[in-house]
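Raw contents of input15.json, JSON, C-alpha atoms:
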```json
[["chain", "number", "residue", "atom", "x", "y", "z"],
["G", 1, "MET", "CA", 0.00, 0.00, 0.00],
["G", 2, "ALA", "CA", 1.32, 3.44, -0.91],
["G", 3, "PRO", "CA", 2.13, 5.69, 2.04],
["G", 4, "ARG", "CA", -0.74, 8.01, 2.94],
["G", 5, "ARG", "CA", 0.10, 11.67, 3.12],
["G", 6, "GLY", "CA", -1.62, 14.55, 4.83],
["G", 7, "SER", "CA", -3.91, 16.82, 2.82],
["G", 8, "LEU", "CA", -2.91, 20.46, 2.49],
["G", 9, "LEU", "CA", -6.37, 21.55, 3.58],
["G", 10, "THR", "CA", -7.05, 19.27, 6.52],
["G", 11, "SER", "CA", -5.01, 17.10, 8.80],
["G", 12, "ARG", "CA", -6.87, 14.02, 7.57],
["G", 13, "PRO", "CA", -4.99, 11.49, 5.46],
["G", 14, "VAL", "CA", -5.76, 11.41, 1.74],
["G", 15, "LYS", "CA", -9.02, 9.63, 1.06],
["G", 16, "ARG", "CA", -9.50, 6.65, -1.17],
["G", 17, "THR", "CA", -10.93, 7.53, -4.55],
["G", 18, "PHE", "CA", -13.73, 5.60, -6.22],
["G", 19, "PRO", "CA", -13.50, 5.27, -10.01],
["G", 20, "THR", "CA", -17.23, 4.53, -10.37],
["G", 21, "ALA", "CA", -20.42, 5.18, -8.41],
["G", 22, "GLN", "CA", -20.70, 1.42, -7.90],
["G", 23, "ASP", "CA", -17.26, 1.39, -6.27],
["G", 24, "ALA", "CA", -18.46, 4.11, -3.89],
["G", 25, "GLU", "CA", -21.61, 2.13, -3.13],
["G", 26, "THR", "CA", -19.66, -1.07, -2.47],
["G", 27, "ALA", "CA", -17.43, 0.86, -0.06],
["G", 28, "PHE", "CA", -20.49, 2.40, 1.64],
["G", 29, "TYR", "CA", -22.09, -0.96, 2.46],
["G", 30, "ASP", "CA", -18.75, -2.50, 3.33],
["G", 31, "ALA", "CA", -18.18, 0.29, 5.87],
["G", 32, "LEU", "CA", -21.74, -0.17, 7.19],
["G", 33, "GLU", "CA", -21.18, -3.89, 7.73],
["G", 34, "LYS", "CA", -17.82, -3.30, 9.41],
["G", 35, "GLY", "CA", -18.97, -0.31, 11.46],
["G", 36, "ASP", "CA", -15.93, 1.55, 10.14],
["G", 37, "LEU", "CA", -16.51, 5.28, 10.52],
["G", 38, "GLU", "CA", -13.42, 6.46, 8.63],
["G", 39, "ALA", "CA", -14.18, 4.16, 5.70],
["G", 40, "MET", "CA", -17.83, 5.33, 5.71],
["G", 41, "MET", "CA", -16.88, 8.99, 5.64],
["G", 42, "GLU", "CA", -14.44, 8.45, 2.78],
["G", 43, "VAL", "CA", -17.46, 7.69, 0.62],
["G", 44, "TRP", "CA", -19.23, 11.00, 1.32],
["G", 45, "ALA", "CA", -18.53, 14.25, -0.51],
["G", 46, "GLU", "CA", -17.16, 16.87, 1.86],
["G", 47, "ASP", "CA", -19.95, 19.32, 1.30],
["G", 48, "GLU", "CA", -22.02, 21.41, 3.64],
["G", 49, "GLU", "CA", -25.16, 20.25, 1.92],
["G", 50, "VAL", "CA", -24.81, 16.48, 1.73],
["G", 51, "VAL", "CA", -27.98, 14.95, 3.14],
["G", 52, "CYS", "CA", -28.73, 11.74, 5.01],
["G", 53, "VAL", "CA", -32.03, 10.32, 6.24],
["G", 54, "HIS", "CA", -31.78, 7.16, 8.36],
["G", 55, "PRO", "CA", -34.98, 5.08, 8.49],
["G", 56, "GLY", "CA", -37.55, 7.00, 10.54],
["G", 57, "GLY", "CA", -34.97, 9.62, 11.44],
["G", 58, "PRO", "CA", -34.66, 13.35, 10.87],
["G", 59, "ARG", "CA", -33.01, 14.83, 7.79],
["G", 60, "LEU", "CA", -29.35, 15.44, 8.51],
["G", 61, "ALA", "CA", -27.43, 18.00, 6.44],
["G", 62, "GLY", "CA", -23.72, 18.63, 6.09],
["G", 63, "TYR", "CA", -20.67, 16.40, 6.34],
["G", 64, "GLU", "CA", -20.16, 16.91, 10.07],
["G", 65, "GLN", "CA", -23.77, 16.16, 11.04],
["G", 66, "VAL", "CA", -23.74, 13.06, 8.84],
["G", 67, "ARG", "CA", -20.43, 11.91, 10.34],
["G", 68, "GLU", "CA", -21.78, 12.38, 13.86],
["G", 69, "SER", "CA", -24.82, 10.24, 13.09],
["G", 70, "TRP", "CA", -22.73, 7.35, 11.76],
["G", 71, "ALA", "CA", -20.40, 7.64, 14.76],
["G", 72, "ARG", "CA", -23.38, 7.19, 17.10],
["G", 73, "ILE", "CA", -24.73, 4.28, 15.08],
["G", 74, "PHE", "CA", -21.37, 2.51, 15.01],
["G", 75, "GLN", "CA", -20.78, 3.11, 18.73],
["G", 76, "SER", "CA", -23.26, 0.34, 19.53],
["G", 77, "GLY", "CA", -20.80, -2.21, 18.15],
["G", 78, "GLN", "CA", -23.74, -4.06, 16.58],
["G", 79, "ARG", "CA", -22.59, -6.06, 13.55],
["G", 80, "LEU", "CA", -24.82, -5.96, 10.50],
["G", 81, "LYS", "CA", -25.00, -8.09, 7.38],
["G", 82, "VAL", "CA", -26.53, -6.23, 4.45],
["G", 83, "HIS", "CA", -28.11, -7.93, 1.45],
["G", 84, "LEU", "CA", -29.12, -5.55, -1.34],
["G", 85, "SER", "CA", -31.99, -6.17, -3.75],
["G", 86, "HIS", "CA", -34.46, -4.35, -6.02],
["G", 87, "HIS", "CA", -31.78, -2.32, -7.80],
["G", 88, "ALA", "CA", -32.78, 0.45, -10.18],
["G", 89, "VAL", "CA", -29.82, 2.43, -11.44],
["G", 90, "LEU", "CA", -29.73, 5.74, -13.27],
["G", 91, "SER", "CA", -26.28, 6.75, -14.36],
["G", 92, "GLY", "CA", -24.86, 9.67, -16.26],
["G", 93, "MET", "CA", -21.45, 11.18, -16.85],
["G", 94, "MET", "CA", -21.55, 13.20, -13.65],
["G", 95, "LEU", "CA", -24.20, 11.63, -11.47],
["G", 96, "ALA", "CA", -25.73, 8.32, -10.50],
["G", 97, "VAL", "CA", -28.92, 7.52, -8.63],
["G", 98, "HIS", "CA", -29.07, 4.04, -7.12],
["G", 99, "SER", "CA", -32.42, 2.89, -5.78],
["G", 100, "LEU", "CA", -32.49, -0.38, -3.85],
["G", 101, "HIS", "CA", -33.74, -2.33, -0.88],
["G", 102, "GLU", "CA", -31.45, -2.93, 2.07],
["G", 103, "ASN", "CA", -32.18, -6.25, 3.79],
["G", 104, "ILE", "CA", -30.27, -6.08, 7.04],
["G", 105, "THR", "CA", -29.57, -8.95, 9.39],
["G", 106, "VAL", "CA", -28.36, -7.95, 12.84],
["G", 107, "GLY", "CA", -25.56, -10.07, 14.31],
["G", 108, "GLY", "CA", -27.01, -12.95, 16.34],
["G", 109, "GLU", "CA", -30.38, -12.88, 14.58],
["G", 110, "SER", "CA", -31.40, -15.52, 12.06],
["G", 111, "LYS", "CA", -33.66, -13.46, 9.80],
["G", 112, "PRO", "CA", -33.28, -10.06, 8.17],
["G", 113, "ARG", "CA", -35.21, -7.12, 9.56],
["G", 114, "PRO", "CA", -37.99, -5.63, 7.37],
["G", 115, "PRO", "CA", -36.54, -4.14, 4.20],
["G", 116, "VAL", "CA", -35.50, -0.52, 3.89],
["G", 117, "VAL", "CA", -36.08, 1.34, 0.62],
["G", 118, "THR", "CA", -33.11, 3.53, -0.19],
["G", 119, "THR", "CA", -32.11, 6.22, -2.64],
["G", 120, "ASN", "CA", -28.36, 6.81, -2.93],
["G", 121, "VAL", "CA", -27.10, 9.74, -5.00],
["G", 122, "TYR", "CA", -23.50, 9.95, -6.19],
["G", 123, "SER", "CA", -21.61, 12.58, -8.12],
["G", 124, "ARG", "CA", -18.32, 12.51, -9.99],
["G", 125, "THR", "CA", -16.05, 14.99, -8.27],
["G", 126, "ALA", "CA", -12.46, 16.08, -8.81],
["G", 127, "THR", "CA", -11.51, 13.19, -6.51],
["G", 128, "GLY", "CA", -13.67, 10.43, -7.95],
["G", 129, "TRP", "CA", -17.24, 9.46, -7.18],
["G", 130, "ARG", "CA", -18.69, 10.49, -3.83],
["G", 131, "MET", "CA", -22.04, 10.15, -2.10],
["G", 132, "LEU", "CA", -24.19, 13.28, -1.98],
["G", 133, "ALA", "CA", -27.37, 11.87, -0.49],
["G", 134, "HIS", "CA", -28.63, 8.75, 1.28],
["G", 135, "HIS", "CA", -32.36, 8.57, 1.98],
["G", 136, "ALA", "CA", -33.56, 5.39, 3.66],
["G", 137, "SER", "CA", -37.08, 4.65, 4.90],
["G", 138, "PRO", "CA", -39.04, 1.54, 5.87],
["G", 139, "ALA", "CA", -40.38, -0.32, 2.83],
["G", 140, "PRO", "CA", -43.99, -1.50, 2.98],
["G", 141, "GLN", "CA", -44.34, -5.07, 4.18],
["G", 142, "ALA", "CA", -46.61, -6.22, 1.37],
["G", 143, "PRO", "CA", -45.24, -6.93, -2.10],
["G", 144, "ALA", "CA", -44.94, -3.86, -4.34],
["G", 145, "ARG", "CA", -48.34, -2.74, -5.59],
["G", 146, "PRO", "CA", -49.60, 0.33, -7.39],
["G", 147, "ALA", "CA", -49.90, 3.36, -5.12],
["G", 148, "GLY", "CA", -53.44, 3.94, -3.96],
["G", 149, "ASP", "CA", -54.26, 0.32, -3.18],
["G", 150, "GLY", "CA", -52.38, 0.42, 0.10],
["G", 151, "PRO", "CA", -52.68, 2.58, 3.18],
["G", 152, "LYS", "CA", -53.98, 6.05, 2.42],
["G", 153, "VAL", "CA", -51.12, 8.43, 1.80],
["G", 154, "LEU", "CA", -51.12, 12.06, 0.80],
["G", 155, "HIS", "CA", -49.01, 11.36, -2.24],
["H", 1, "MET", "CA", -48.34, 31.03, -25.94],
["H", 2, "ALA", "CA", -46.56, 29.44, -28.88],
["H", 3, "PRO", "CA", -48.47, 26.70, -30.68],
["H", 4, "ARG", "CA", -47.61, 23.23, -29.42],
["H", 5, "ARG", "CA", -46.49, 20.72, -31.96],
["H", 6, "GLY", "CA", -46.35, 16.96, -31.89],
["H", 7, "SER", "CA", -43.08, 15.25, -31.11],
["H", 8, "LEU", "CA", -41.55, 13.02, -33.76],
["H", 9, "LEU", "CA", -41.08, 10.24, -31.24],
["H", 10, "THR", "CA", -44.39, 10.24, -29.43],
["H", 11, "SER", "CA", -47.85, 11.56, -30.06],
["H", 12, "ARG", "CA", -47.60, 13.77, -26.98],
["H", 13, "PRO", "CA", -47.27, 17.50, -27.42],
["H", 14, "VAL", "CA", -43.88, 19.05, -26.81],
["H", 15, "LYS", "CA", -43.17, 19.37, -23.12],
["H", 16, "ARG", "CA", -42.35, 22.55, -21.26],
["H", 17, "THR", "CA", -38.67, 22.94, -20.55],
["H", 18, "PHE", "CA", -37.29, 24.07, -17.21],
["H", 19, "PRO", "CA", -34.19, 26.29, -17.34],
["H", 20, "THR", "CA", -33.22, 25.46, -13.74],
["H", 21, "ALA", "CA", -33.79, 22.66, -11.25],
["H", 22, "GLN", "CA", -35.73, 25.14, -9.13],
["H", 23, "ASP", "CA", -38.08, 25.79, -12.05],
["H", 24, "ALA", "CA", -38.70, 22.05, -12.31],
["H", 25, "GLU", "CA", -39.34, 21.86, -8.58],
["H", 26, "THR", "CA", -41.76, 24.76, -8.65],
["H", 27, "ALA", "CA", -43.65, 23.04, -11.48],
["H", 28, "PHE", "CA", -43.67, 19.75, -9.55],
["H", 29, "TYR", "CA", -45.35, 21.21, -6.48],
["H", 30, "ASP", "CA", -47.66, 23.37, -8.58],
["H", 31, "ALA", "CA", -48.83, 20.23, -10.40],
["H", 32, "LEU", "CA", -49.22, 18.42, -7.05],
["H", 33, "GLU", "CA", -51.41, 21.22, -5.69],
["H", 34, "LYS", "CA", -53.51, 21.34, -8.84],
["H", 35, "GLY", "CA", -53.72, 17.57, -9.28],
["H", 36, "ASP", "CA", -52.60, 18.09, -12.87],
["H", 37, "LEU", "CA", -51.22, 14.82, -14.22],
["H", 38, "GLU", "CA", -49.91, 16.16, -17.52],
["H", 39, "ALA", "CA", -48.12, 19.04, -15.79],
["H", 40, "MET", "CA", -46.68, 16.61, -13.22],
["H", 41, "MET", "CA", -45.33, 14.28, -15.86],
["H", 42, "GLU", "CA", -43.72, 17.14, -17.78],
["H", 43, "VAL", "CA", -41.37, 17.52, -14.84],
["H", 44, "TRP", "CA", -40.11, 13.91, -14.94],
["H", 45, "ALA", "CA", -37.34, 12.64, -17.20],
["H", 46, "GLU", "CA", -38.67, 10.06, -19.62],
["H", 47, "ASP", "CA", -36.40, 7.30, -18.45],
["H", 48, "GLU", "CA", -37.00, 3.68, -17.64],
["H", 49, "GLU", "CA", -35.16, 4.08, -14.38],
["H", 50, "VAL", "CA", -36.68, 7.20, -12.81],
["H", 51, "VAL", "CA", -37.70, 6.32, -9.27],
["H", 52, "CYS", "CA", -40.46, 7.51, -6.97],
["H", 53, "VAL", "CA", -41.26, 6.59, -3.38],
["H", 54, "HIS", "CA", -44.48, 8.03, -1.97],
["H", 55, "PRO", "CA", -44.61, 8.20, 1.85],
["H", 56, "GLY", "CA", -44.90, 4.63, 3.17],
["H", 57, "GLY", "CA", -45.28, 3.29, -0.35],
["H", 58, "PRO", "CA", -43.29, 0.87, -2.48],
["H", 59, "ARG", "CA", -40.44, 1.98, -4.72],
["H", 60, "LEU", "CA", -41.79, 2.70, -8.19],
["H", 61, "ALA", "CA", -39.43, 2.59, -11.17],
["H", 62, "GLY", "CA", -39.85, 3.85, -14.70],
["H", 63, "TYR", "CA", -41.80, 6.71, -16.23],
["H", 64, "GLU", "CA", -44.96, 4.68, -16.83],
["H", 65, "GLN", "CA", -45.16, 3.26, -13.31],
["H", 66, "VAL", "CA", -44.56, 6.71, -11.85],
["H", 67, "ARG", "CA", -47.24, 8.23, -14.11],
["H", 68, "GLU", "CA", -49.73, 5.55, -13.09],
["H", 69, "SER", "CA", -49.15, 6.29, -9.41],
["H", 70, "TRP", "CA", -49.76, 10.01, -9.82],
["H", 71, "ALA", "CA", -52.86, 9.28, -11.91],
["H", 72, "ARG", "CA", -54.29, 7.21, -9.03],
["H", 73, "ILE", "CA", -53.40, 9.87, -6.46],
["H", 74, "PHE", "CA", -54.97, 12.65, -8.50],
["H", 75, "GLN", "CA", -58.11, 10.59, -9.21],
["H", 76, "SER", "CA", -59.31, 11.28, -5.68],
["H", 77, "GLY", "CA", -59.84, 14.92, -6.60],
["H", 78, "GLN", "CA", -58.48, 15.87, -3.16],
["H", 79, "ARG", "CA", -56.99, 19.37, -3.24],
["H", 80, "LEU", "CA", -53.72, 19.87, -1.42],
["H", 81, "LYS", "CA", -51.86, 22.96, -0.28],
["H", 82, "VAL", "CA", -48.12, 22.37, 0.05],
["H", 83, "HIS", "CA", -45.82, 24.49, 2.19],
["H", 84, "LEU", "CA", -42.13, 23.63, 1.81],
["H", 85, "SER", "CA", -39.52, 24.10, 4.55],
["H", 86, "HIS", "CA", -36.13, 22.81, 5.73],
["H", 87, "HIS", "CA", -34.45, 23.27, 2.36],
["H", 88, "ALA", "CA", -30.96, 21.94, 1.79],
["H", 89, "VAL", "CA", -29.82, 22.30, -1.80],
["H", 90, "LEU", "CA", -26.86, 20.73, -3.57],
["H", 91, "SER", "CA", -26.40, 21.95, -7.09],
["H", 92, "GLY", "CA", -23.92, 21.30, -9.83],
["H", 93, "MET", "CA", -23.69, 21.88, -13.54],
["H", 94, "MET", "CA", -25.59, 18.71, -14.39],
["H", 95, "LEU", "CA", -27.41, 17.69, -11.24],
["H", 96, "ALA", "CA", -29.24, 19.07, -8.26],
["H", 97, "VAL", "CA", -30.36, 17.42, -5.05],
["H", 98, "HIS", "CA", -33.10, 19.24, -3.14],
["H", 99, "SER", "CA", -33.85, 18.04, 0.36],
["H", 100, "LEU", "CA", -36.87, 19.54, 2.09],
["H", 101, "HIS", "CA", -39.94, 19.02, 4.22],
["H", 102, "GLU", "CA", -43.37, 18.98, 2.61],
["H", 103, "ASN", "CA", -46.06, 20.34, 4.93],
["H", 104, "ILE", "CA", -49.33, 19.38, 3.26],
["H", 105, "THR", "CA", -52.74, 20.70, 4.17],
["H", 106, "VAL", "CA", -55.65, 18.73, 2.72],
["H", 107, "GLY", "CA", -58.56, 20.79, 1.37],
["H", 108, "GLY", "CA", -61.14, 21.37, 4.12],
["H", 109, "GLU", "CA", -58.68, 20.76, 6.96],
["H", 110, "SER", "CA", -57.33, 23.58, 9.09],
["H", 111, "LYS", "CA", -53.91, 22.18, 9.98],
["H", 112, "PRO", "CA", -51.16, 20.58, 7.91],
["H", 113, "ARG", "CA", -50.62, 16.83, 8.15],
["H", 114, "PRO", "CA", -47.36, 15.65, 9.77],
["H", 115, "PRO", "CA", -44.36, 16.68, 7.68],
["H", 116, "VAL", "CA", -42.85, 14.53, 4.98],
["H", 117, "VAL", "CA", -39.08, 14.50, 4.46],
["H", 118, "THR", "CA", -38.24, 14.49, 0.78],
["H", 119, "THR", "CA", -35.25, 14.09, -1.49],
["H", 120, "ASN", "CA", -35.76, 15.36, -5.04],
["H", 121, "VAL", "CA", -33.06, 14.69, -7.63],
["H", 122, "TYR", "CA", -32.90, 16.64, -10.90],
["H", 123, "SER", "CA", -30.62, 16.39, -13.90],
["H", 124, "ARG", "CA", -29.90, 18.77, -16.75],
["H", 125, "THR", "CA", -30.96, 16.98, -19.91],
["H", 126, "ALA", "CA", -30.99, 17.94, -23.58],
["H", 127, "THR", "CA", -34.44, 19.39, -22.91],
["H", 128, "GLY", "CA", -33.77, 21.30, -19.71],
["H", 129, "TRP", "CA", -33.91, 20.14, -16.10],
["H", 130, "ARG", "CA", -36.00, 17.07, -15.28],
["H", 131, "MET", "CA", -36.75, 15.07, -12.15],
["H", 132, "LEU", "CA", -34.95, 11.72, -11.85],
["H", 133, "ALA", "CA", -36.01, 10.72, -8.35],
["H", 134, "HIS", "CA", -38.52, 11.68, -5.67],
["H", 135, "HIS", "CA", -38.21, 9.90, -2.32],
["H", 136, "ALA", "CA", -40.69, 10.97, 0.35],
["H", 137, "SER", "CA", -41.12, 9.45, 3.80],
["H", 138, "PRO", "CA", -42.77, 10.49, 7.07],
["H", 139, "ALA", "CA", -40.54, 12.85, 9.07],
["H", 140, "PRO", "CA", -40.19, 12.17, 12.80],
["H", 141, "GLN", "CA", -42.61, 14.18, 14.91],
["H", 142, "ALA", "CA", -40.03, 15.48, 17.36],
["H", 143, "PRO", "CA", -37.66, 18.30, 16.42],
["H", 144, "ALA", "CA", -34.53, 17.20, 14.57],
["H", 145, "ARG", "CA", -32.04, 15.54, 16.89],
["H", 146, "PRO", "CA", -28.90, 13.52, 16.41],
["H", 147, "ALA", "CA", -29.59, 9.97, 15.24],
["H", 148, "GLY", "CA", -29.42, 7.49, 18.06],
["H", 149, "ASP", "CA", -31.38, 9.52, 20.58],
["H", 150, "GLY", "CA", -34.69, 8.61, 19.00],
["H", 151, "PRO", "CA", -36.39, 5.33, 18.25],
["H", 152, "LYS", "CA", -33.92, 2.52, 17.65],
["H", 153, "VAL", "CA", -33.11, 2.24, 13.98],
["H", 154, "LEU", "CA", -30.72, -0.04, 12.18],
["H", 155, "HIS", "CA", -28.87, 2.85, 10.62]]
```
Using structure tokens, write down the structure that the file contains.
Amino acid sequence: MAPRRGSLLTSRPVKRTFPTAQDAETAFYDALEKGDLEAMMEVWAEDEEVVCVHPGGPRLAGYEQVRESWARIFQSGQRLKVHLSHHAVLSGMMLAVHSLHENITVGGESKPRPPVVTTNVYSRTATGWRMLAHHASPAPQAPARPAGDGPKVLH
Amino acid sequence: MAPRRGSLLTSRPVKRTFPTAQDAETAFYDALEKGDLEAMMEVWAEDEEVVCVHPGGPRLAGYEQVRESWARIFQSGQRLKVHLSHHAVLSGMMLAVHSLHENITVGGESKPRPPVVTTNVYSRTATGWRMLAHHASPAPQAPARPAGDGPKVLH
């Protein structure tokens, strides 16, 4: 491994770069499974307006607020196994939107928890692909059906 | 207003174009308030992988599935008034991510329903800015707080 050197702007070591949005996504879920905060935050763009919504949680905005939330989550030491499904991928030269289901099994449990529907947004930056937004919310329990047949929602 | 002409590719009239992502967003919520399906679908990119998650609903993928869901929602004839708050905006040359709260008052009701946290993703296309993704989910009732203090979530 090449020696890591300090950035001129911050005291943090140079971050890994991700040649594709899929590389960034793989690193994101790898960091989530390992509970590795530094690896998780390498995936995110260092921007004051990155946004993160954990399932049922408030909207978090900005790199520092997002980092703090992952630090709290990883503090529990709970190990997670993440199986992804239901991929729908939109990709362009500069951006990628990955929609998917996260099926998460908590360490010590035999079955995955109810699925989480997730939208991940990535952008190609000067330093490779980075995550701009992660919005996760509980998926409905029933199989996918046309909107309007299920519980009444505003839209 | 200039005469509208048929597209060479579809029998639909030429769509409005939106010079900025904010113009597309304004048109989106205007169409939502008016229950105007054609105006709503002008905002969306015609792509097989556009994605839409209504609050508590399944992930919908593709222009036709998204159109069908809005058609069902607008069929009710329910009029909505939408007040937006909590904006966080990320914008680049080719993409924009708008995070916000939708505070929706249903016609005949005096108070807004509980807020919805929303991520809207737009891209600059050959025909102006279009929506690629809309992910809406119920916002927590309590004021925003660091993740981990609230109900236990996986991440």
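CA of Gln22 in chain G to CA of His98 in chain G spans 8.8 Å [interatomic distance, one decimal].
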Which residues, written as a list in words, have at least one atom at most 8 Å from Arg124 in chain H, with all atoms listed in the file counted and residues fewer than 2 positions away on the same chain left out?
Ala21, Met93, Met94, Leu95, Tyr122, Ala126, Thr127, Gly128, Trp129 and Arg130 of chain H
Could you fit chain H onto chain G by least squares over every C-alpha atom, paired in order, and give me the moved chain as a short mmCIF file (atom, residue, chain, number, x, y, z; two decimals) with C-alpha atoms, in the frame of the given file?
```
data_model
loop_
_atom_site.label_atom_id
_atom_site.label_comp_id
_atom_site.auth_asym_id
_atom_site.auth_seq_id
_atom_site.Cartn_x
_atom_site.Cartn_y
_atom_site.Cartn_z
CA MET H 1 -0.28 0.03 -0.29
CA ALA H 2 1.12 3.45 -1.12
CA PRO H 3 2.04 5.63 1.85
CA ARG H 4 -0.75 7.99 2.86
CA ARG H 5 0.10 11.63 3.07
CA GLY H 6 -1.58 14.51 4.81
CA SER H 7 -3.85 16.79 2.84
CA LEU H 8 -2.90 20.45 2.55
CA LEU H 9 -6.38 21.50 3.59
CA THR H 10 -7.07 19.21 6.51
CA SER H 11 -5.05 17.07 8.84
CA ARG H 12 -6.85 13.96 7.60
CA PRO H 13 -4.99 11.49 5.45
CA VAL H 14 -5.76 11.43 1.76
CA LYS H 15 -9.02 9.65 1.07
CA ARG H 16 -9.51 6.65 -1.17
CA THR H 17 -10.94 7.55 -4.54
CA PHE H 18 -13.72 5.61 -6.21
CA PRO H 19 -13.50 5.29 -10.01
CA THR H 20 -17.23 4.53 -10.35
CA ALA H 21 -20.41 5.18 -8.40
CA GLN H 22 -20.69 1.43 -7.90
CA ASP H 23 -17.26 1.40 -6.25
CA ALA H 24 -18.45 4.11 -3.86
CA GLU H 25 -21.59 2.13 -3.12
CA THR H 26 -19.66 -1.05 -2.46
CA ALA H 27 -17.43 0.87 -0.04
CA PHE H 28 -20.49 2.40 1.66
CA TYR H 29 -22.09 -0.94 2.47
CA ASP H 30 -18.74 -2.51 3.35
CA ALA H 31 -18.18 0.29 5.88
CA LEU H 32 -21.74 -0.17 7.20
CA GLU H 33 -21.16 -3.89 7.74
CA LYS H 34 -17.82 -3.29 9.43
CA GLY H 35 -18.97 -0.30 11.47
CA ASP H 36 -15.94 1.56 10.15
CA LEU H 37 -16.51 5.30 10.54
CA GLU H 38 -13.43 6.47 8.66
CA ALA H 39 -14.20 4.18 5.72
CA MET H 40 -17.83 5.35 5.74
CA MET H 41 -16.88 8.99 5.66
CA GLU H 42 -14.44 8.45 2.79
CA VAL H 43 -17.45 7.69 0.64
CA TRP H 44 -19.22 11.01 1.33
CA ALA H 45 -18.54 14.26 -0.50
CA GLU H 46 -17.17 16.86 1.87
CA ASP H 47 -19.95 19.33 1.30
CA GLU H 48 -22.02 21.42 3.64
CA GLU H 49 -25.17 20.27 1.92
CA VAL H 50 -24.81 16.48 1.74
CA VAL H 51 -27.98 14.96 3.15
CA CYS H 52 -28.74 11.75 5.01
CA VAL H 53 -32.03 10.33 6.25
CA HIS H 54 -31.79 7.18 8.36
CA PRO H 55 -34.99 5.10 8.49
CA GLY H 56 -37.56 7.03 10.54
CA GLY H 57 -34.98 9.64 11.45
CA PRO H 58 -34.68 13.37 10.87
CA ARG H 59 -33.03 14.84 7.79
CA LEU H 60 -29.36 15.45 8.52
CA ALA H 61 -27.45 18.01 6.45
CA GLY H 62 -23.74 18.63 6.10
CA TYR H 63 -20.69 16.41 6.34
CA GLU H 64 -20.19 16.92 10.07
CA GLN H 65 -23.78 16.16 11.04
CA VAL H 66 -23.76 13.07 8.84
CA ARG H 67 -20.44 11.91 10.36
CA GLU H 68 -21.79 12.40 13.87
CA SER H 69 -24.83 10.25 13.10
CA TRP H 70 -22.74 7.37 11.77
CA ALA H 71 -20.41 7.66 14.77
CA ARG H 72 -23.40 7.20 17.11
CA ILE H 73 -24.75 4.28 15.08
CA PHE H 74 -21.39 2.52 15.01
CA GLN H 75 -20.81 3.12 18.74
CA SER H 76 -23.26 0.34 19.53
CA GLY H 77 -20.78 -2.19 18.16
CA GLN H 78 -23.73 -4.05 16.60
CA ARG H 79 -22.58 -6.04 13.57
CA LEU H 80 -24.81 -5.96 10.52
CA LYS H 81 -24.99 -8.09 7.41
CA VAL H 82 -26.52 -6.24 4.46
CA HIS H 83 -28.10 -7.95 1.47
CA LEU H 84 -29.11 -5.56 -1.32
CA SER H 85 -31.98 -6.18 -3.75
CA HIS H 86 -34.45 -4.37 -6.02
CA HIS H 87 -31.78 -2.33 -7.79
CA ALA H 88 -32.78 0.42 -10.18
CA VAL H 89 -29.81 2.41 -11.43
CA LEU H 90 -29.73 5.73 -13.27
CA SER H 91 -26.28 6.75 -14.36
CA GLY H 92 -24.84 9.65 -16.26
CA MET H 93 -21.44 11.15 -16.84
CA MET H 94 -21.54 13.18 -13.64
CA LEU H 95 -24.21 11.62 -11.47
CA ALA H 96 -25.73 8.33 -10.50
CA VAL H 97 -28.91 7.51 -8.63
CA HIS H 98 -29.07 4.03 -7.10
CA SER H 99 -32.41 2.88 -5.77
CA LEU H 100 -32.48 -0.38 -3.85
CA HIS H 101 -33.73 -2.34 -0.87
CA GLU H 102 -31.43 -2.95 2.08
CA ASN H 103 -32.16 -6.26 3.80
CA ILE H 104 -30.25 -6.07 7.07
CA THR H 105 -29.57 -8.96 9.40
CA VAL H 106 -28.37 -7.96 12.87
CA GLY H 107 -25.56 -10.07 14.34
CA GLY H 108 -27.01 -12.97 16.36
CA GLU H 109 -30.39 -12.88 14.60
CA SER H 110 -31.40 -15.52 12.08
CA LYS H 111 -33.67 -13.46 9.83
CA PRO H 112 -33.28 -10.07 8.18
CA ARG H 113 -35.22 -7.11 9.58
CA PRO H 114 -37.99 -5.66 7.38
CA PRO H 115 -36.54 -4.14 4.21
CA VAL H 116 -35.50 -0.53 3.90
CA VAL H 117 -36.07 1.33 0.63
CA THR H 118 -33.11 3.53 -0.19
CA THR H 119 -32.10 6.21 -2.64
CA ASN H 120 -28.35 6.80 -2.92
CA VAL H 121 -27.11 9.73 -4.99
CA TYR H 122 -23.49 9.95 -6.18
CA SER H 123 -21.60 12.59 -8.11
CA ARG H 124 -18.32 12.50 -9.99
CA THR H 125 -16.05 14.99 -8.26
CA ALA H 126 -12.46 16.07 -8.80
CA THR H 127 -11.51 13.19 -6.51
CA GLY H 128 -13.66 10.43 -7.96
CA TRP H 129 -17.24 9.46 -7.17
CA ARG H 130 -18.69 10.50 -3.81
CA MET H 131 -22.05 10.15 -2.09
CA LEU H 132 -24.20 13.30 -1.98
CA ALA H 133 -27.37 11.87 -0.48
CA HIS H 134 -28.62 8.75 1.29
CA HIS H 135 -32.36 8.57 1.99
CA ALA H 136 -33.56 5.38 3.67
CA SER H 137 -37.08 4.64 4.89
CA PRO H 138 -39.04 1.53 5.89
CA ALA H 139 -40.37 -0.32 2.83
CA PRO H 140 -43.99 -1.51 2.96
CA GLN H 141 -44.32 -5.11 4.11
CA ALA H 142 -46.59 -6.23 1.29
CA PRO H 143 -45.21 -6.91 -2.19
CA ALA H 144 -44.90 -3.84 -4.41
CA ARG H 145 -48.28 -2.69 -5.69
CA PRO H 146 -49.55 0.40 -7.42
CA ALA H 147 -49.85 3.39 -5.09
CA GLY H 148 -53.38 3.94 -3.94
CA ASP H 149 -54.19 0.32 -3.18
CA GLY H 150 -52.32 0.41 0.10
CA PRO H 151 -52.60 2.56 3.19
CA LYS H 152 -53.93 6.03 2.42
CA VAL H 153 -51.08 8.41 1.77
CA LEU H 154 -51.11 12.04 0.78
CA HIS H 155 -49.03 11.40 -2.30
#
```
